[in-house]
file protein-v2.cif (mmCIF, C-alpha atoms)
data_model
#
loop_
_atom_site.group_PDB
_atom_site.id
_atom_site.type_symbol
_atom_site.label_atom_id
_atom_site.label_comp_id
_atom_site.auth_asym_id
_atom_site.auth_seq_id
_atom_site.Cartn_x
_atom_site.Cartn_y
_atom_site.Cartn_z
ATOM 1 C CA MET G 1 -58.933 21.696 58.138
ATOM 2 C CA MET G 2 -58.493 25.083 56.542
ATOM 3 C CA VAL G 3 -61.324 26.858 54.736
ATOM 4 C CA ARG G 4 -60.331 29.758 52.536
ATOM 5 C CA MET G 5 -62.558 32.798 52.125
ATOM 6 C CA SER G 6 -62.139 36.341 50.898
ATOM 7 C CA THR G 7 -60.308 38.518 53.436
ATOM 8 C CA LEU G 8 -61.124 41.921 52.034
ATOM 9 C CA ARG G 9 -64.833 42.747 52.019
ATOM 10 C CA PRO G 10 -66.459 43.741 55.333
ATOM 11 C CA SER G 11 -69.316 41.512 56.376
ATOM 12 C CA ILE G 12 -71.479 40.409 59.258
ATOM 13 C CA LEU G 13 -70.248 36.970 60.287
ATOM 14 C CA LEU G 14 -72.952 34.495 61.222
ATOM 15 C CA VAL G 15 -73.188 30.773 61.911
ATOM 16 C CA MET G 16 -75.835 28.889 59.952
ATOM 17 C CA CYS G 17 -76.855 25.551 61.467
ATOM 18 C CA THR G 18 -77.533 22.588 59.185
ATOM 19 C CA ILE G 19 -80.580 20.363 59.219
ATOM 20 C CA ARG G 20 -81.032 17.138 57.285
ATOM 21 C CA LEU G 21 -83.910 16.876 54.848
ATOM 22 C CA SER G 22 -84.002 13.472 53.155
ATOM 23 C CA ALA G 23 -80.371 12.896 52.049
ATOM 24 C CA ILE G 24 -79.556 16.563 51.332
ATOM 25 C CA ALA G 25 -78.137 18.973 53.920
ATOM 26 C CA GLN G 26 -80.094 22.222 54.110
ATOM 27 C CA PHE G 27 -79.276 25.514 55.843
ATOM 28 C CA ASN G 28 -81.751 27.357 58.010
ATOM 29 C CA SER G 29 -81.744 31.115 58.501
ATOM 30 C CA ALA G 30 -78.708 32.820 60.026
ATOM 31 C CA ASP G 31 -79.140 32.638 63.778
ATOM 32 C CA ASN G 32 -75.829 33.367 65.481
ATOM 33 C CA LEU G 33 -74.246 36.810 65.132
ATOM 34 C CA ILE G 34 -70.526 36.382 65.813
ATOM 35 C CA CYS G 35 -68.762 39.508 64.640
ATOM 36 C CA PRO G 36 -70.508 42.530 63.097
ATOM 37 C CA GLN G 37 -68.468 44.499 60.554
ATOM 38 C CA CYS G 38 -65.651 41.919 60.427
ATOM 39 C CA PRO G 39 -63.792 40.966 57.235
ATOM 40 C CA PHE G 40 -64.511 37.488 55.884
ATOM 41 C CA PRO G 41 -62.485 35.006 57.960
ATOM 42 C CA LEU G 42 -59.946 32.281 57.402
ATOM 43 C CA ALA G 43 -61.252 29.271 59.352
ATOM 44 C CA VAL G 44 -58.416 27.195 60.855
ATOM 45 C CA ASP G 45 -57.471 25.478 64.133
ATOM 46 C CA LEU G 46 -54.791 28.003 65.028
ATOM 47 C CA ASP G 47 -54.187 26.866 68.624
ATOM 48 C CA HIS G 48 -54.225 23.067 68.036
ATOM 49 C CA ASP G 49 -57.086 22.372 70.427
ATOM 50 C CA GLY G 50 -59.258 20.579 67.868
ATOM 51 C CA ASP G 51 -61.716 23.464 67.425
ATOM 52 C CA THR G 52 -62.003 25.799 64.448
ATOM 53 C CA ASP G 53 -60.835 29.362 65.091
ATOM 54 C CA LEU G 54 -61.386 32.433 62.904
ATOM 55 C CA VAL G 55 -58.626 34.700 61.564
ATOM 56 C CA PHE G 56 -59.495 38.165 60.244
ATOM 57 C CA THR G 57 -57.284 40.382 58.117
ATOM 58 C CA ASP G 58 -57.807 44.046 57.337
ATOM 59 C CA ASN G 59 -55.361 46.676 56.146
ATOM 60 C CA PHE G 60 -54.084 47.421 59.641
ATOM 61 C CA TYR G 61 -54.495 44.398 61.923
ATOM 62 C CA ILE G 62 -54.569 40.599 61.873
ATOM 63 C CA THR G 63 -56.901 39.333 64.595
ATOM 64 C CA TRP G 64 -58.512 36.060 65.612
ATOM 65 C CA MET G 65 -61.384 34.602 67.573
ATOM 66 C CA VAL G 66 -60.804 31.393 69.553
ATOM 67 C CA GLY G 67 -63.450 28.777 68.778
ATOM 68 C CA HIS G 68 -65.153 26.651 71.450
ATOM 69 C CA GLY G 69 -66.231 23.941 69.010
ATOM 70 C CA ASP G 70 -69.946 24.631 69.424
ATOM 71 C CA GLY G 71 -70.360 27.605 67.083
ATOM 72 C CA THR G 72 -69.386 30.150 69.747
ATOM 73 C CA PHE G 73 -66.155 32.123 69.902
ATOM 74 C CA GLU G 74 -64.087 34.253 72.275
ATOM 75 C CA PRO G 75 -63.996 38.007 71.564
ATOM 76 C CA GLN G 76 -61.648 39.214 68.836
ATOM 77 C CA GLN G 77 -57.965 39.366 69.846
ATOM 78 C CA LEU G 78 -54.938 40.927 68.145
ATOM 79 C CA LEU G 79 -52.424 38.559 66.544
ATOM 80 C CA VAL G 80 -50.097 41.137 64.957
ATOM 81 C CA GLU G 81 -50.274 44.517 63.313
ATOM 82 C CA ASN G 82 -50.629 44.170 59.555
ATOM 83 C CA VAL G 83 -47.597 46.280 58.726
ATOM 84 C CA HIS G 84 -47.515 45.381 55.008
ATOM 85 C CA HIS G 85 -51.312 45.263 54.541
ATOM 86 C CA LEU G 86 -51.225 41.525 53.769
ATOM 87 C CA SER G 87 -54.110 39.576 52.301
ATOM 88 C CA ILE G 88 -54.050 36.072 53.805
ATOM 89 C CA ASP G 89 -55.601 33.067 52.072
ATOM 90 C CA LEU G 90 -53.408 30.256 53.438
ATOM 91 C CA ALA G 91 -52.683 28.616 56.794
ATOM 92 C CA GLY G 92 -50.368 25.704 57.535
ATOM 93 C CA ASP G 93 -46.968 24.768 58.940
ATOM 94 C CA ALA G 94 -44.772 27.034 56.808
ATOM 95 C CA ASP G 95 -41.597 26.642 58.895
ATOM 96 C CA GLY G 96 -41.740 22.956 59.878
ATOM 97 C CA ASP G 97 -42.036 23.468 63.643
ATOM 98 C CA GLY G 98 -45.451 21.795 64.016
ATOM 99 C CA ASP G 99 -47.460 24.995 64.550
ATOM 100 C CA VAL G 100 -49.957 26.598 62.176
ATOM 101 C CA ASP G 101 -48.601 29.710 60.462
ATOM 102 C CA LEU G 102 -50.306 32.192 58.117
ATOM 103 C CA VAL G 103 -49.043 33.090 54.641
ATOM 104 C CA GLY G 104 -50.018 36.173 52.682
ATOM 105 C CA ALA G 105 -49.042 38.958 50.321
ATOM 106 C CA SER G 106 -49.876 42.618 49.954
ATOM 107 C CA ARG G 107 -51.673 43.328 46.704
ATOM 108 C CA ALA G 108 -50.392 45.763 44.122
ATOM 109 C CA ASP G 109 -53.885 46.176 42.658
ATOM 110 C CA GLN G 110 -54.946 47.689 45.987
ATOM 111 C CA GLY G 111 -52.030 50.111 46.049
ATOM 112 C CA PHE G 112 -49.767 48.209 48.443
ATOM 113 C CA ASP G 113 -46.133 47.154 48.201
ATOM 114 C CA SER G 114 -46.392 43.476 47.144
ATOM 115 C CA THR G 115 -44.585 41.957 50.118
ATOM 116 C CA VAL G 116 -44.883 38.168 50.461
ATOM 117 C CA ALA G 117 -44.670 37.111 54.107
ATOM 118 C CA ILE G 118 -45.255 34.423 56.719
ATOM 119 C CA ILE G 119 -46.931 35.214 60.015
ATOM 120 C CA ARG G 120 -44.963 32.673 62.069
ATOM 121 C CA HIS G 121 -46.514 30.994 65.092
ATOM 122 C CA THR G 122 -43.731 31.038 67.695
ATOM 123 C CA ASP G 123 -43.493 29.999 71.341
ATOM 124 C CA THR G 124 -44.272 33.558 72.404
ATOM 125 C CA GLY G 125 -46.922 34.551 69.855
ATOM 126 C CA PHE G 126 -46.900 35.537 66.190
ATOM 127 C CA GLU G 127 -44.354 37.486 64.158
ATOM 128 C CA GLU G 128 -44.105 38.551 60.525
ATOM 129 C CA VAL G 129 -41.205 37.174 58.478
ATOM 130 C CA ASP G 130 -40.890 38.591 54.958
ATOM 131 C CA ILE G 131 -40.168 36.107 52.157
ATOM 132 C CA ASP G 132 -39.938 38.344 49.125
ATOM 133 C CA HIS G 133 -40.842 41.665 47.559
ATOM 134 C CA LEU G 134 -42.833 40.918 44.407
ATOM 135 C CA PRO G 135 -43.952 44.021 42.454
ATOM 136 C CA GLY G 136 -47.226 43.482 40.629
ATOM 137 C CA CYS G 137 -48.581 40.711 42.846
ATOM 138 C CA THR G 138 -52.398 40.703 42.815
ATOM 139 C CA HIS G 139 -53.147 37.415 44.599
ATOM 140 C CA PRO G 140 -51.493 35.908 47.699
ATOM 141 C CA PRO G 141 -50.318 32.274 47.927
ATOM 142 C CA ASP G 142 -53.255 29.904 48.296
ATOM 143 C CA HIS G 143 -51.736 26.393 48.199
ATOM 144 C CA PHE G 144 -49.147 24.384 50.090
ATOM 145 C CA ALA G 145 -47.731 21.515 48.022
ATOM 146 C CA ASP G 146 -44.488 19.537 47.935
ATOM 147 C CA LEU G 147 -43.624 20.529 44.377
ATOM 148 C CA ASP G 148 -40.030 19.254 44.438
ATOM 149 C CA ASN G 149 -40.617 15.991 46.374
ATOM 150 C CA ASP G 150 -38.201 16.869 49.173
ATOM 151 C CA GLY G 151 -40.719 16.443 52.011
ATOM 152 C CA ASP G 152 -41.233 20.176 52.621
ATOM 153 C CA LEU G 153 -44.337 22.189 51.747
ATOM 154 C CA ASP G 154 -43.722 24.748 49.011
ATOM 155 C CA LEU G 155 -45.895 27.778 48.162
ATOM 156 C CA LEU G 156 -48.198 28.314 45.188
ATOM 157 C CA THR G 157 -50.109 30.287 43.573
ATOM 158 C CA LEU G 158 -49.211 33.936 43.341
ATOM 159 C CA GLN G 159 -50.768 35.957 40.553
ATOM 160 C CA GLY G 160 -50.043 39.186 38.760
ATOM 161 C CA PRO G 161 -48.803 40.464 35.388
ATOM 162 C CA GLY G 162 -45.747 38.421 34.414
ATOM 163 C CA ILE G 163 -45.676 36.540 37.738
ATOM 164 C CA ASN G 164 -45.131 32.859 36.919
ATOM 165 C CA LEU G 165 -43.407 31.375 39.943
ATOM 166 C CA TRP G 166 -43.591 29.263 43.073
ATOM 167 C CA TYR G 167 -41.549 29.362 46.280
ATOM 168 C CA ARG G 168 -39.317 26.421 47.200
ATOM 169 C CA ASN G 169 -39.242 25.668 50.918
ATOM 170 C CA MET G 170 -35.574 25.637 51.937
ATOM 171 C CA GLY G 171 -36.406 24.728 55.554
ATOM 172 C CA GLY G 172 -36.831 26.783 58.708
ATOM 173 C CA GLY G 173 -39.284 29.199 57.103
ATOM 174 C CA ILE G 174 -36.883 30.235 54.308
ATOM 175 C CA TYR G 175 -38.271 30.223 50.752
ATOM 176 C CA SER G 176 -36.676 30.742 47.352
ATOM 177 C CA ARG G 177 -38.292 31.903 44.088
ATOM 178 C CA VAL G 178 -38.556 29.335 41.279
ATOM 179 C CA PRO G 179 -39.912 30.368 37.853
ATOM 180 C CA ILE G 180 -42.644 28.386 36.099
ATOM 181 C CA SER G 181 -42.338 28.073 32.329
ATOM 182 C CA ASP G 182 -45.139 29.615 30.290
ATOM 183 C CA TRP G 183 -47.348 27.024 28.652
ATOM 184 C CA CYS G 184 -50.191 29.206 27.392
ATOM 185 C CA MET G 185 -49.342 32.154 25.166
ATOM 186 C CA ASN G 186 -51.220 35.448 25.349
ATOM 187 C CA ALA G 187 -53.010 34.533 28.573
ATOM 188 C CA ASP G 188 -52.667 35.443 32.223
ATOM 189 C CA PHE G 189 -51.081 32.783 34.412
ATOM 190 C CA GLY G 190 -53.067 31.034 37.130
ATOM 191 C CA PRO G 191 -54.786 30.214 39.239
ATOM 192 C CA CYS G 192 -53.347 26.706 39.179
ATOM 193 C CA VAL G 193 -53.848 23.619 41.341
ATOM 194 C CA PRO G 194 -51.129 21.099 42.298
ATOM 195 C CA ILE G 195 -52.186 17.541 41.441
ATOM 196 C CA ASP G 196 -50.450 14.379 40.227
ATOM 197 C CA ILE G 197 -52.471 14.203 37.040
ATOM 198 C CA ASP G 198 -50.265 11.619 35.279
ATOM 199 C CA ASN G 199 -49.726 9.331 38.318
ATOM 200 C CA ASP G 200 -45.934 9.512 38.151
ATOM 201 C CA GLY G 201 -45.486 10.412 41.830
ATOM 202 C CA ASP G 202 -44.856 14.149 41.504
ATOM 203 C CA LYS G 203 -47.111 17.193 41.430
ATOM 204 C CA ASP G 204 -48.242 18.726 38.149
ATOM 205 C CA LEU G 205 -49.985 22.093 37.715
#
call {"tool": "encode", "arguments": {"input": "protein-v2.cif", "output": "structure tokens"}}
result
Amino acid sequence: MMVRMSTLRPSILLVMCTIRLSAIAQFNSADNLICPQCPFPLAVDLDHDGDTDLVFTDNFYITWMVGHGDGTFEPQQLLVENVHHLSIDLAGDADGDGDVDLVGASRADQGFDSTVAIIRHTDTGFEEVDIDHLPGCTHPPDHFADLDNDGDLDLLTLQGPGINLWYRNMGGGIYSRVPISDWCMNADFGPCVPIDIDNDGDKDL
């Protein structure tokens, strides 16, 4: 399971244990300091061991903490240098090899170069593979969905002035831009959610 959180603001990361009161889950006070001064994490099982790990992204490095499954974590480790200052809001198998990859984009509204990229999980570690250069991008991809019903996971939703598109998965970690027709005049596009709203077997937005 992947839980998406903001990757930009520094924070103190804590674990809050749940207790049950009647039929409603309640949270007690924060009691487990994990990582002081870390960015907000992406929570995902990155190493396929059944436990949730934490991925952190700042403007220079992408790091992670291996989870033990009991609310404790290994010390922070480097995944890759964040060469293009990516913001990462999405994790999943982007290249069809069975491993969990990371997908992100650098944000033009923060002064960066709007590169869209996959951090591929390979047999020897992680490596950045650039998908596109998208001037004006202000929000990285945040959904995988099979938008063309070919069995591969495509990428949605990038945002920015005049950016109405998704990326078709061509296989092997290669993606191709596909425009989305405007349906709402005089309004910014997105965010949008893929869902089969008319029950015809394909994804709508």
call {"tool": "axis_aligned_box", "arguments": {"input": "protein-v2.cif", "around": "range 164-180 of chain G", "padding_each_side": "4 Å", "output": "lines of an AutoDock Vina configuration file"}}
result
center_x = -40.4
center_y = 28.8
center_z = 47.4
size_x = 17.6
size_y = 16.1
size_z = 30.6
call {"tool": "residues_near_point", "arguments": {"input": "protein-v2.cif", "point": "(-45.7, 17.4, 40.5)", "cutoff": "8 Å", "atoms": "all atoms listed in the file", "output": "list of chain:residue names"}}
result
G:Asp146, G:Leu147, G:Asp148, G:Asn149, G:Pro194, G:Ile195, G:Asp196, G:Gly201, G:Asp202, G:Lys203, G:Asp204, G:Leu205
call {"tool": "write_last_selection", "arguments": {"input": "protein-v2.cif", "atoms": "C-alpha atoms", "output": "CSV table (one decimal), in the coordinates of the input"}}
result
chain,number,residue,atom,x,y,z
G,146,ASP,CA,-44.5,19.5,47.9
G,147,LEU,CA,-43.6,20.5,44.4
G,148,ASP,CA,-40.0,19.3,44.4
G,149,ASN,CA,-40.6,16.0,46.4
G,194,PRO,CA,-51.1,21.1,42.3
G,195,ILE,CA,-52.2,17.5,41.4
G,196,ASP,CA,-50.4,14.4,40.2
G,201,GLY,CA,-45.5,10.4,41.8
G,202,ASP,CA,-44.9,14.1,41.5
G,203,LYS,CA,-47.1,17.2,41.4
G,204,ASP,CA,-48.2,18.7,38.1
G,205,LEU,CA,-50.0,22.1,37.7
call {"tool": "resolve_selection", "arguments": {"input": "protein-v2.cif", "expression": "the PyMOL selection byres ((chain G and resi 119-123) around 10)", "output": "ChimeraX atom specification"}}
result
/G:46-47,62,79-80,82,86,88,91-95,97-104,117-118,124-130,173
call {"tool": "atom_distance", "arguments": {"input": "protein-v2.cif", "atom1": "CA of Phe144 in chain G", "atom2": "CA of Tyr175 in chain G"}}
result
12.4 Å
call {"tool": "atom_distance", "arguments": {"input": "protein-v2.cif", "atom1": "CA of Asp70 in chain G", "atom2": "CA of Ile34 in chain G"}}
result
12.3 Å
call {"tool": "resolve_selection", "arguments": {"input": "protein-v2.cif", "expression": "the PyMOL selection byres ((chain G and resi 55) around 8)", "output": "JSON, numbers by chain"}}
result
{"G": [41, 42, 43, 44, 53, 54, 56, 57, 62, 63, 64, 65]}
call {"tool": "resolve_selection", "arguments": {"input": "protein-v2.cif", "expression": "the PyMOL selection byres ((chain G and resi 105-109) around 8)", "output": "list in words"}}
result
His84, His85, Leu86, Ser87, Ile88, Val103, Gly104, Gln110, Gly111, Phe112, Asp113, Ser114, Thr115, Val116, Ala117, Pro135, Gly136, Cys137, Thr138, His139, Pro140 and Pro141 of chain G
call {"tool": "residues_around", "arguments": {"input": "protein-v2.cif", "residues": "Gly96 in chain G", "least_positions_apart": "4", "cutoff": "8 Å", "atoms": "only C-alpha atoms", "output": "MDAnalysis selection string"}}
result
chainID G and resid 152 171:173
call {"tool": "closest_residue", "arguments": {"input": "protein-v2.cif", "among": "G:Arg177, G:Arg168, G:His68, G:His143", "to": "Leu156 in chain G", "atoms": "all atoms listed in the file"}}
result
G:His143
call {"tool": "closest_residue", "arguments": {"input": "protein-v2.cif", "among": "G:Ile174, G:Leu33, G:Val66, G:Ile180", "to": "Asp154 in chain G", "atoms": "all atoms listed in the file"}}
result
G:Ile174
call {"tool": "atom_distance", "arguments": {"input": "protein-v2.cif", "atom1": "CA of Val193 in chain G", "atom2": "CA of Leu155 in chain G"}}
result
11.3 Å
call {"tool": "decode", "arguments": {"input": "protein-v2.cif", "residues": "range 101-124 of chain G", "atoms": "N, CA and C atoms", "output": "compact mmCIF listing (two decimals), in the first residue's frame"}}
result
# COMPACT_ATOMS: atom_id res chain seq x y z
N ASP G 101 9.09 1.16 -8.15
CA ASP G 101 9.85 2.31 -8.61
C ASP G 101 9.22 3.58 -8.04
N LEU G 102 9.90 4.70 -8.19
CA LEU G 102 9.39 6.01 -7.77
C LEU G 102 9.23 6.90 -9.00
N VAL G 103 8.19 7.71 -9.02
CA VAL G 103 7.93 8.59 -10.15
C VAL G 103 7.77 10.02 -9.64
N GLY G 104 8.43 10.96 -10.30
CA GLY G 104 8.35 12.34 -9.85
C GLY G 104 8.61 13.34 -10.95
N ALA G 105 8.55 14.60 -10.58
CA ALA G 105 8.83 15.69 -11.51
C ALA G 105 9.41 16.86 -10.72
N SER G 106 10.29 17.60 -11.37
CA SER G 106 10.77 18.84 -10.76
C SER G 106 9.79 19.95 -11.09
N ARG G 107 9.58 20.84 -10.14
CA ARG G 107 8.48 21.80 -10.21
C ARG G 107 8.95 23.18 -10.66
N ALA G 108 8.31 23.65 -11.72
CA ALA G 108 8.67 24.97 -12.25
C ALA G 108 8.36 26.07 -11.26
N ASP G 109 7.30 25.90 -10.44
CA ASP G 109 6.95 26.95 -9.49
C ASP G 109 7.94 27.06 -8.35
N GLN G 110 8.88 26.12 -8.26
CA GLN G 110 9.96 26.21 -7.28
C GLN G 110 11.30 26.54 -7.94
N GLY G 111 11.24 26.90 -9.22
CA GLY G 111 12.43 27.36 -9.91
C GLY G 111 13.26 26.26 -10.54
N PHE G 112 12.71 25.05 -10.67
CA PHE G 112 13.47 23.95 -11.23
C PHE G 112 13.05 23.67 -12.67
N ASP G 113 13.66 22.64 -13.29
CA ASP G 113 13.62 22.53 -14.75
C ASP G 113 12.50 21.68 -15.32
N SER G 114 11.56 21.22 -14.50
CA SER G 114 10.38 20.50 -14.98
C SER G 114 10.72 19.20 -15.70
N THR G 115 11.66 18.44 -15.17
CA THR G 115 11.94 17.11 -15.67
C THR G 115 10.97 16.11 -15.04
N VAL G 116 10.40 15.23 -15.86
CA VAL G 116 9.58 14.12 -15.38
C VAL G 116 10.44 12.87 -15.46
N ALA G 117 10.50 12.10 -14.36
CA ALA G 117 11.47 11.00 -14.32
C ALA G 117 10.96 9.84 -13.46
N ILE G 118 11.52 8.66 -13.74
CA ILE G 118 11.33 7.47 -12.92
C ILE G 118 12.62 7.19 -12.18
N ILE G 119 12.52 6.90 -10.90
CA ILE G 119 13.66 6.35 -10.17
C ILE G 119 13.48 4.84 -10.19
N ARG G 120 14.16 4.17 -11.12
CA ARG G 120 13.95 2.74 -11.35
C ARG G 120 14.66 1.90 -10.30
N HIS G 121 13.95 0.90 -9.82
CA HIS G 121 14.50 -0.09 -8.88
C HIS G 121 15.10 -1.21 -9.72
N THR G 122 16.42 -1.29 -9.75
CA THR G 122 17.11 -2.29 -10.56
C THR G 122 17.72 -3.37 -9.67
N ASP G 123 18.38 -4.33 -10.29
CA ASP G 123 19.02 -5.41 -9.53
C ASP G 123 20.17 -4.89 -8.68
N THR G 124 20.73 -3.76 -9.03
CA THR G 124 21.90 -3.25 -8.32
C THR G 124 21.61 -2.00 -7.49
